[in-house]
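To keep things clear, I will list the structure first and then write my remarks on it.
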Amino acid sequence: MSHEVPKADQESRKMMENESKSDIPGKKHEYESSAERNASTVPQGVPEAGVRKLTFASDTNDTGELNQELSEAVNADARPDTLSSAENPESAEKGSTFLMPEEKDENFTLRLNDKGLQDTPLLTFESQNLKRLFLHNNELKTLHLNVGNLTNLEILLLERNRLTCLPPEISFLHKLTVLNVSHNQLLYLPKEFSKLVNLKELFLNHNNMDEFPFALRSLETLELAGNKLKTLPDAMADMEKLKVFNIDSNHFSIFPRVLCYLPNLVKLSICQNSIQSLPKDIKELKKLEEFSISNNKLIFLPVQFFQLTKLKELRADDNKLEFLSDKVENLRELRFLNLAKNLFKSLTDNLCNCTMLKHLIIHDNQLTQLPANIHRLRNLKEFSVSRNQLDSLDEQVSYLKDLSKIELSGNALTHIPVELKDCIQITKADLSYNKLSQFPNALCALFDLKYLNLSGNSISEIIPGISDIKDLEHLELNKNKLSSFSACLCSLTKLVYLDLSENEISNIPAVVSEMKALRVLLLHHNKFDSFPEELCTLKFLKALDISNNQIKTIPLKISNLEAIKDLNVSDNQFASFPSEICHLSSLEKLTLSQMHGLKLTQIPEELSKLVCLRELDISHNALKEMPDSIGELEYLVHLIANNNDISQLPKSITSLRNLQHLDLSENRLKSLPAGLHHLHLLKDINFDGNFLFEPLKDLCRGKQLHPILCYLESANERDEKILRKMIEVIADNVASEDFEFFCQKLQLRQADIKSLENTRTLKLKEKIIKALDIWISENQDLTYAEMVDKLIRILVMTGMCDLTNKVKALKLYSQMVKF
């Protein structure tokens, strides 16, 4: 769907963004929080002169703290010279901003947006001079009744809260001109709402309203997109001042006829509904300039529609239109026409009488040819005809001298007329997925061309003339039949993005080093059997994808790629992990997934040298373990290691404090490190297809992170208690004559054993506990659960059968206890 935000809303949002940037006479101390720059809907053309603004730190969500600041501000209405934070940069930097006029304050703006507020501080409603109140992006569920006290309020922004209703007292805001309550949960408006006789702009987008019962005669802008409206009241015909109306994404199946009687309507949007036809009375909208009815079920546009002679923009894409009336020529003011995603097989030649057209978007139809008089559209700048059934492009296209963007992707073109060379202002050309067998000569004369897509054709050779497109920045030639990386490409010294994937290229020319602007190079699915050393001269390259080739080794010179951030070498034929990659200290994303390549069995400890790594994909290999050094990748955010043979995770993985996404599905894990609960940023996990014991297996199946981490944390605490209890049982049951033998099985040093034996101040039980504490300290790389299992194995080796059975019973009983 092609749908734009109404200009009135765009301009008002810009007003909000720019509002905090005005200069105050005499003083220019202004310290803005990031919340101030949040784009929200505010009225158009509101003057900045003489405005005092209050802003509070974005992390201030304590109502008491806000009340204190508000109290000072409200009291300062009588004495503006007391607002010392305007003079004190240090206090201003903490979040409070006060801009003072030289004369009496008449336009008082209070910003409480983006604070996480659940209630509005009561002192908010005590300022008699308050003109603008910004409460958007909070957690408000209700608006306090005292809002009625703000009798001078002109602008109230409440969007993106959790409001389910507005209080009747809002009707006391007789000076209110702008109200934004979009993105809430409103079910209805109070009947008193109709008393807001000065309201000019009302935004109620994305709520749960199923009716709009009022005729607010003062309104000029009304937005009701994203609700549940099915009809509009006949009384709306009285809203004679309405200029902008948006009811996108509602439940209309019939076009509301009452809209045809809004004499001053300039902009109407009714996209994403289920409307099948337009009434004949639509011709009454004499002042309509912009009409959007995208994504509906329109079968035709009535002849009467083409009496809207002031129409400048028409969006009727994503419907079921098959026919365009010859009367379209009446729309002589038309600048923008979008008829994409319909069922047109042809378009009337009369369309070409709309000579003011600048944008013609007709992609995704069934057109077999273009209108015969297309050359008359001499003001055309954008021409999009992708995904139709064109088998040729008329040479008349050469008359479109102002054309800057042409999209012909997904047709059946076998050649491009040489006359296209006369369209010298073209900066973007998409000719992908046609039937071109040769590089079009005409393109070489388009000296302003910056973006060129020729993917999905049958081009086998790059012609030398391509070097004349000196300003080319983006070139896609993937899915062609190129057998070599042409040296001609290397003369494109401004090229930033180059896609040569899915060809038959096996080597790179040495002159590739001249492509100093190149940042992204895609060479996957080609015929490389070794990593081209020539690529190592591209010192400024940031992304390289050379996956799905037959590469066996990577040269040491790869370390010359000093700026590389994204490297994909998946599905190649490496006998072992190419450790040369570990010298790329700037690397942020490494993909080495071997779904179709030779499986890797080990990752070297050198991986920790990739100090900037944020994403690591080592999926579809045959790894049995991860290196301990993985815990040193402190910036790692994404770790993807699914479809391996990993049976145990290194304890160091719990040091990845920035980790957010972890995929270890389809491995051989039986347990998870308890320390995972320390990874506070972790929010997306997948442990499916492992051998995890119950109940951890059930918890992981639900992928609910919190219960999994809670389980691991409590399981770790339980295992520690089990270990301590086992130590007590062992200490009570090892005889003095077995002490030395037991210590030897613990593999304690002989010096430690002798020291314990000769310490006469300790009883036998205390000596055994001391010995076991030494053993624990020497096995810190194990989890408590692993220590329990190892200790049981040691007891089995001692031959102390009764003691072994007692300890096993203790473990079994403890695992049966729910926690």
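Chain labels follow the order of the structure tokens: the first chain is A, the next B, and so on; residue numbering restarts at 1 in every chain, and ligands are counted from 1 in their shown order.
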Between stretch 279-371 of chain A and stretch 240-255 of chain A, at 10 Å or less, what are the per-residue closest atom pairs and their distances in Å? Count only C-alpha atoms, order by chain and rising residue number, and return it as CSV.
residue,atom,partner,partner_atom,distance
A:Pro279,CA,A:Phe255,CA,7.2
A:Ile282,CA,A:Phe255,CA,9.7
A:Lys287,CA,A:Lys243,CA,9.1
A:Leu288,CA,A:Lys243,CA,8.7
A:Glu290,CA,A:Val244,CA,9.4
A:Ser292,CA,A:Asp248,CA,9.0
A:Ile293,CA,A:Asp248,CA,8.4
A:Ser294,CA,A:Asp248,CA,9.1
A:Asn295,CA,A:Ser249,CA,9.3
A:Asn296,CA,A:Ser253,CA,8.9
A:Lys297,CA,A:Ser253,CA,8.9
Would you mind exporting the chosen residues as a PDB file, in the first residue's frame, restricted to N, CA, C and O atoms?
ATOM      1  N   PRO A 279     -19.916   6.633  -4.609  1.00  0.00           N
ATOM      2  CA  PRO A 279     -21.217   7.189  -5.017  1.00  0.00           C
ATOM      3  C   PRO A 279     -21.052   8.256  -6.099  1.00  0.00           C
ATOM      4  O   PRO A 279     -19.999   8.900  -6.212  1.00  0.00           O
ATOM      5  N   ILE A 282     -19.938  11.909  -5.302  1.00  0.00           N
ATOM      6  CA  ILE A 282     -18.561  12.287  -4.987  1.00  0.00           C
ATOM      7  C   ILE A 282     -18.121  13.497  -5.808  1.00  0.00           C
ATOM      8  O   ILE A 282     -17.195  14.214  -5.451  1.00  0.00           O
ATOM      9  N   LYS A 287     -13.510  20.931  -4.041  1.00  0.00           N
ATOM     10  CA  LYS A 287     -12.201  21.437  -3.628  1.00  0.00           C
ATOM     11  C   LYS A 287     -11.197  20.329  -3.327  1.00  0.00           C
ATOM     12  O   LYS A 287     -10.072  20.609  -2.910  1.00  0.00           O
ATOM     13  N   LEU A 288     -11.592  19.095  -3.522  1.00  0.00           N
ATOM     14  CA  LEU A 288     -10.720  17.973  -3.178  1.00  0.00           C
ATOM     15  C   LEU A 288      -9.448  17.980  -4.031  1.00  0.00           C
ATOM     16  O   LEU A 288      -9.504  18.036  -5.254  1.00  0.00           O
ATOM     17  N   GLU A 290      -6.512  15.912  -2.741  1.00  0.00           N
ATOM     18  CA  GLU A 290      -5.829  14.640  -2.498  1.00  0.00           C
ATOM     19  C   GLU A 290      -6.853  13.598  -2.072  1.00  0.00           C
ATOM     20  O   GLU A 290      -7.613  13.810  -1.129  1.00  0.00           O
ATOM     21  N   SER A 292      -7.133   9.389  -1.286  1.00  0.00           N
ATOM     22  CA  SER A 292      -6.467   8.094  -1.122  1.00  0.00           C
ATOM     23  C   SER A 292      -7.502   7.040  -0.766  1.00  0.00           C
ATOM     24  O   SER A 292      -8.210   7.167   0.241  1.00  0.00           O
ATOM     25  N   ILE A 293      -7.582   6.010  -1.592  1.00  0.00           N
ATOM     26  CA  ILE A 293      -8.521   4.925  -1.349  1.00  0.00           C
ATOM     27  C   ILE A 293      -7.819   3.583  -1.626  1.00  0.00           C
ATOM     28  O   ILE A 293      -8.413   2.615  -2.111  1.00  0.00           O
ATOM     29  N   SER A 294      -6.546   3.531  -1.275  1.00  0.00           N
ATOM     30  CA  SER A 294      -5.733   2.332  -1.467  1.00  0.00           C
ATOM     31  C   SER A 294      -6.258   1.172  -0.629  1.00  0.00           C
ATOM     32  O   SER A 294      -6.881   1.362   0.411  1.00  0.00           O
ATOM     33  N   ASN A 295      -5.965  -0.031  -1.094  1.00  0.00           N
ATOM     34  CA  ASN A 295      -6.258  -1.244  -0.347  1.00  0.00           C
ATOM     35  C   ASN A 295      -7.732  -1.359   0.032  1.00  0.00           C
ATOM     36  O   ASN A 295      -8.085  -1.489   1.198  1.00  0.00           O
ATOM     37  N   ASN A 296      -8.584  -1.285  -0.971  1.00  0.00           N
ATOM     38  CA  ASN A 296     -10.010  -1.536  -0.803  1.00  0.00           C
ATOM     39  C   ASN A 296     -10.428  -2.601  -1.822  1.00  0.00           C
ATOM     40  O   ASN A 296      -9.591  -3.407  -2.253  1.00  0.00           O
ATOM     41  N   LYS A 297     -11.680  -2.598  -2.227  1.00  0.00           N
ATOM     42  CA  LYS A 297     -12.181  -3.599  -3.180  1.00  0.00           C
ATOM     43  C   LYS A 297     -12.886  -2.931  -4.359  1.00  0.00           C
ATOM     44  O   LYS A 297     -13.835  -3.466  -4.922  1.00  0.00           O
TER      45      LYS A 297
END
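Within the 10 Å cut-off around A:Lys141, using only C-alpha atoms and omitting residues fewer than 5 positions from it on the same chain, the listed residues are Leu117, Gln118, Asp119, Asn161, Arg162, Leu163, Thr164, Cys165, Leu166, Asn184 and Gln185 of chain A.
Distance-wise, atom CA of A:Thr427 and atom CA of A:Arg387 end up 20.5 Å apart.
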With only C-alpha atoms as the counted atoms, please give the residues lying no more than 12 Å from A:Lys286, apart from itself and same-chain residues fewer than 2 positions off, as a list in words.
Lys243, Leu259, Cys260, Tyr261, Leu262, Pro263, Asn264, Leu265, Val266, Lys267, Asp281, Ile282, Lys283, Glu284, Leu288, Glu289, Glu290, Gln304, Phe305, Phe306, Gln307, Leu308, Thr309, Lys310 and Leu311 of chain A
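The two atoms in question, atom CA of A:Lys683 and atom CA of A:Gln660, are spaced 5.3 Å apart.
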Write out as a PyMOL selection string the residues lying within 9 Å of A:Lys745, counting only C-alpha atoms and excluding same-chain residues fewer than 6 positions away.
chain A and resi 794-795+797-798
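The strand (DSSP E or B) portion of stretch 567-734 of chain A consists of Leu567, Asn568, Lys589, Leu590, Thr591, Glu615, Leu616, Asp617, His638, Leu639, Ile640, His661, Leu662, Asp663, Asp684, Ile685 and Asn686 of chain A, with states taken from DSSP on the backbone.
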Can those selected residues be exported to a file as a CSV table (one decimal), in the first residue's frame so that it contains all heavy atoms?
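File again-v4.csv, as written:
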chain,number,residue,atom,x,y,z
A,567,LEU,N,31.0,-10.1,7.7
A,567,LEU,CA,31.7,-11.1,6.8
A,567,LEU,C,30.9,-12.4,6.8
A,567,LEU,O,30.6,-12.9,7.9
A,567,LEU,CB,33.1,-11.4,7.3
A,567,LEU,CG,33.9,-12.4,6.5
A,567,LEU,CD1,34.1,-12.0,5.1
A,567,LEU,CD2,35.2,-12.7,7.2
A,568,ASN,N,30.5,-12.8,5.6
A,568,ASN,CA,29.8,-14.1,5.5
A,568,ASN,C,30.6,-15.0,4.6
A,568,ASN,O,30.8,-14.8,3.4
A,568,ASN,CB,28.4,-13.9,4.8
A,568,ASN,CG,27.5,-15.1,4.9
A,568,ASN,OD1,28.0,-16.2,5.0
A,568,ASN,ND2,26.2,-14.9,4.7
A,589,LYS,N,30.0,-8.7,12.7
A,589,LYS,CA,29.1,-9.8,12.3
A,589,LYS,C,29.8,-10.8,11.5
A,589,LYS,O,30.4,-10.5,10.5
A,589,LYS,CB,27.9,-9.3,11.5
A,589,LYS,CG,26.9,-10.4,11.2
A,589,LYS,CD,25.7,-9.8,10.4
A,589,LYS,CE,24.7,-10.9,10.1
A,589,LYS,NZ,23.5,-10.4,9.3
A,590,LEU,N,29.8,-12.1,12.0
A,590,LEU,CA,30.5,-13.2,11.3
A,590,LEU,C,29.5,-14.3,11.1
A,590,LEU,O,28.8,-14.8,12.1
A,590,LEU,CB,31.7,-13.7,12.2
A,590,LEU,CG,32.3,-15.0,11.6
A,590,LEU,CD1,32.9,-14.7,10.2
A,590,LEU,CD2,33.4,-15.4,12.6
A,591,THR,N,29.3,-14.7,9.9
A,591,THR,CA,28.4,-15.8,9.6
A,591,THR,C,29.2,-16.9,8.9
A,591,THR,O,29.9,-16.8,7.9
A,591,THR,CB,27.3,-15.3,8.6
A,591,THR,OG1,26.7,-14.2,9.1
A,591,THR,CG2,26.3,-16.4,8.4
A,615,GLU,N,27.5,-10.1,16.4
A,615,GLU,CA,26.6,-11.2,15.9
A,615,GLU,C,27.5,-12.4,15.4
A,615,GLU,O,28.4,-12.1,14.6
A,615,GLU,CB,25.7,-10.8,14.7
A,615,GLU,CG,24.8,-9.7,15.1
A,615,GLU,CD,23.8,-9.3,13.9
A,615,GLU,OE1,23.4,-10.2,13.2
A,615,GLU,OE2,23.6,-8.1,13.7
A,616,LEU,N,27.2,-13.6,15.9
A,616,LEU,CA,28.0,-14.7,15.5
A,616,LEU,C,27.0,-15.9,15.1
A,616,LEU,O,26.2,-16.3,15.9
A,616,LEU,CB,28.9,-15.2,16.6
A,616,LEU,CG,29.7,-16.5,16.4
A,616,LEU,CD1,30.6,-16.4,15.2
A,616,LEU,CD2,30.4,-16.9,17.7
A,617,ASP,N,27.2,-16.3,13.9
A,617,ASP,CA,26.3,-17.5,13.4
A,617,ASP,C,27.3,-18.6,13.0
A,617,ASP,O,28.0,-18.6,12.0
A,617,ASP,CB,25.5,-17.0,12.2
A,617,ASP,CG,24.5,-18.1,11.7
A,617,ASP,OD1,24.7,-19.3,12.2
A,617,ASP,OD2,23.7,-17.8,10.8
A,638,HIS,N,24.0,-11.3,19.4
A,638,HIS,CA,23.3,-12.4,18.8
A,638,HIS,C,24.3,-13.6,18.7
A,638,HIS,O,25.4,-13.5,18.1
A,638,HIS,CB,22.8,-12.1,17.4
A,638,HIS,CG,21.9,-10.9,17.3
A,638,HIS,ND1,20.5,-11.1,17.3
A,638,HIS,CD2,22.2,-9.6,17.2
A,638,HIS,CE1,20.0,-9.9,17.2
A,638,HIS,NE2,21.0,-9.0,17.1
A,639,LEU,N,23.9,-14.8,19.3
A,639,LEU,CA,24.7,-16.0,19.2
A,639,LEU,C,23.8,-17.1,18.6
A,639,LEU,O,22.8,-17.5,19.2
A,639,LEU,CB,25.2,-16.4,20.5
A,639,LEU,CG,26.0,-17.7,20.6
A,639,LEU,CD1,27.1,-17.7,19.5
A,639,LEU,CD2,26.5,-18.0,22.0
A,640,ILE,N,24.1,-17.5,17.4
A,640,ILE,CA,23.3,-18.5,16.7
A,640,ILE,C,24.2,-19.7,16.5
A,640,ILE,O,25.2,-19.7,15.7
A,640,ILE,CB,22.8,-18.0,15.3
A,640,ILE,CG1,22.0,-16.7,15.5
A,640,ILE,CG2,21.9,-19.0,14.6
A,640,ILE,CD1,21.7,-16.0,14.3
A,661,HIS,N,20.0,-12.4,22.0
A,661,HIS,CA,19.4,-13.5,21.2
A,661,HIS,C,20.3,-14.7,21.3
A,661,HIS,O,21.4,-14.6,20.9
A,661,HIS,CB,19.1,-13.0,19.8
A,661,HIS,CG,18.3,-11.8,19.7
A,661,HIS,ND1,16.9,-11.8,19.7
A,661,HIS,CD2,18.7,-10.5,19.6
A,661,HIS,CE1,16.5,-10.5,19.6
A,661,HIS,NE2,17.6,-9.7,19.5
A,662,LEU,N,19.7,-15.8,21.7
A,662,LEU,CA,20.5,-17.1,21.8
A,662,LEU,C,19.8,-18.2,21.2
A,662,LEU,O,18.7,-18.6,21.6
A,662,LEU,CB,20.8,-17.3,23.3
A,662,LEU,CG,21.6,-18.6,23.6
A,662,LEU,CD1,22.9,-18.6,23.0
A,662,LEU,CD2,21.7,-18.8,25.1
A,663,ASP,N,20.3,-18.8,20.2
A,663,ASP,CA,19.7,-20.0,19.5
A,663,ASP,C,20.6,-21.2,19.6
A,663,ASP,O,21.7,-21.2,18.9
A,663,ASP,CB,19.4,-19.6,18.0
A,663,ASP,CG,18.5,-20.7,17.4
A,663,ASP,OD1,18.4,-21.8,18.0
A,663,ASP,OD2,18.1,-20.5,16.2
A,684,ASP,N,15.4,-13.4,23.8
A,684,ASP,CA,15.0,-14.3,22.8
A,684,ASP,C,15.9,-15.6,22.8
A,684,ASP,O,17.1,-15.5,22.6
A,684,ASP,CB,15.1,-13.6,21.4
A,684,ASP,CG,14.6,-14.6,20.3
A,684,ASP,OD1,13.8,-15.5,20.6
A,684,ASP,OD2,14.9,-14.3,19.2
A,685,ILE,N,15.3,-16.7,23.2
A,685,ILE,CA,16.0,-17.9,23.3
A,685,ILE,C,15.3,-19.1,22.5
A,685,ILE,O,14.1,-19.0,22.3
A,685,ILE,CB,16.2,-18.3,24.8
A,685,ILE,CG1,14.9,-18.4,25.5
A,685,ILE,CG2,17.2,-17.4,25.5
A,685,ILE,CD1,14.2,-19.7,25.6
A,686,ASN,N,16.2,-20.1,22.2
A,686,ASN,CA,15.6,-21.2,21.5
A,686,ASN,C,16.5,-22.4,21.9
A,686,ASN,O,17.7,-22.5,21.5
A,686,ASN,CB,15.5,-21.1,20.0
A,686,ASN,CG,14.8,-22.2,19.3
A,686,ASN,OD1,14.4,-23.2,20.0
A,686,ASN,ND2,14.4,-22.0,18.1
Set the distance at 9 Å and use only C-alpha atoms: which residues neighbour stretch 624-635 of chain A once local chain neighbours fewer than 2 positions away are removed? I'd like the list as a ChimeraX atom specification.
/A:588,601-615,622,637,644-659,667-668
Residues near stretch 340-352 of chain A, cut-off 8 Å, only C-alpha atoms, skip fewer than 3 positions along chain, as number ranges by chain:
A: 316-329, 355, 361-377
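Listed by chain and then by rising number, the residues of stretch 303-355 of chain A that DSSP assigns to helix (DSSP H, G or I) from the backbone are Val303, Gln304, Phe305, Phe306, Gln307, Asp326, Lys327, Val328, Glu329, Asn330, Asp349, Asn350, Leu351, Cys352 and Asn353 of chain A.
Computed from the coordinates, the atom CA of A:Ile774 to atom CA of A:Ser671 distance equals 25.6 Å.
With only C-alpha atoms as the atoms that count, the residue of A:Arg160, A:His620, A:Arg332, A:Lys470 with the shortest distance to A:Leu446 is A:Lys470.
With distances restricted to only C-alpha atoms, A:Ala225 is the closest residue to A:Met209 from A:Lys195, A:Ala225, A:Ile299, A:Leu153.
Among the candidate residues A:Ser171, A:Asn129, A:Thr759, A:Ser467, the one lying nearest to A:Asn198 is A:Ser171, with distances computed using only C-alpha atoms.
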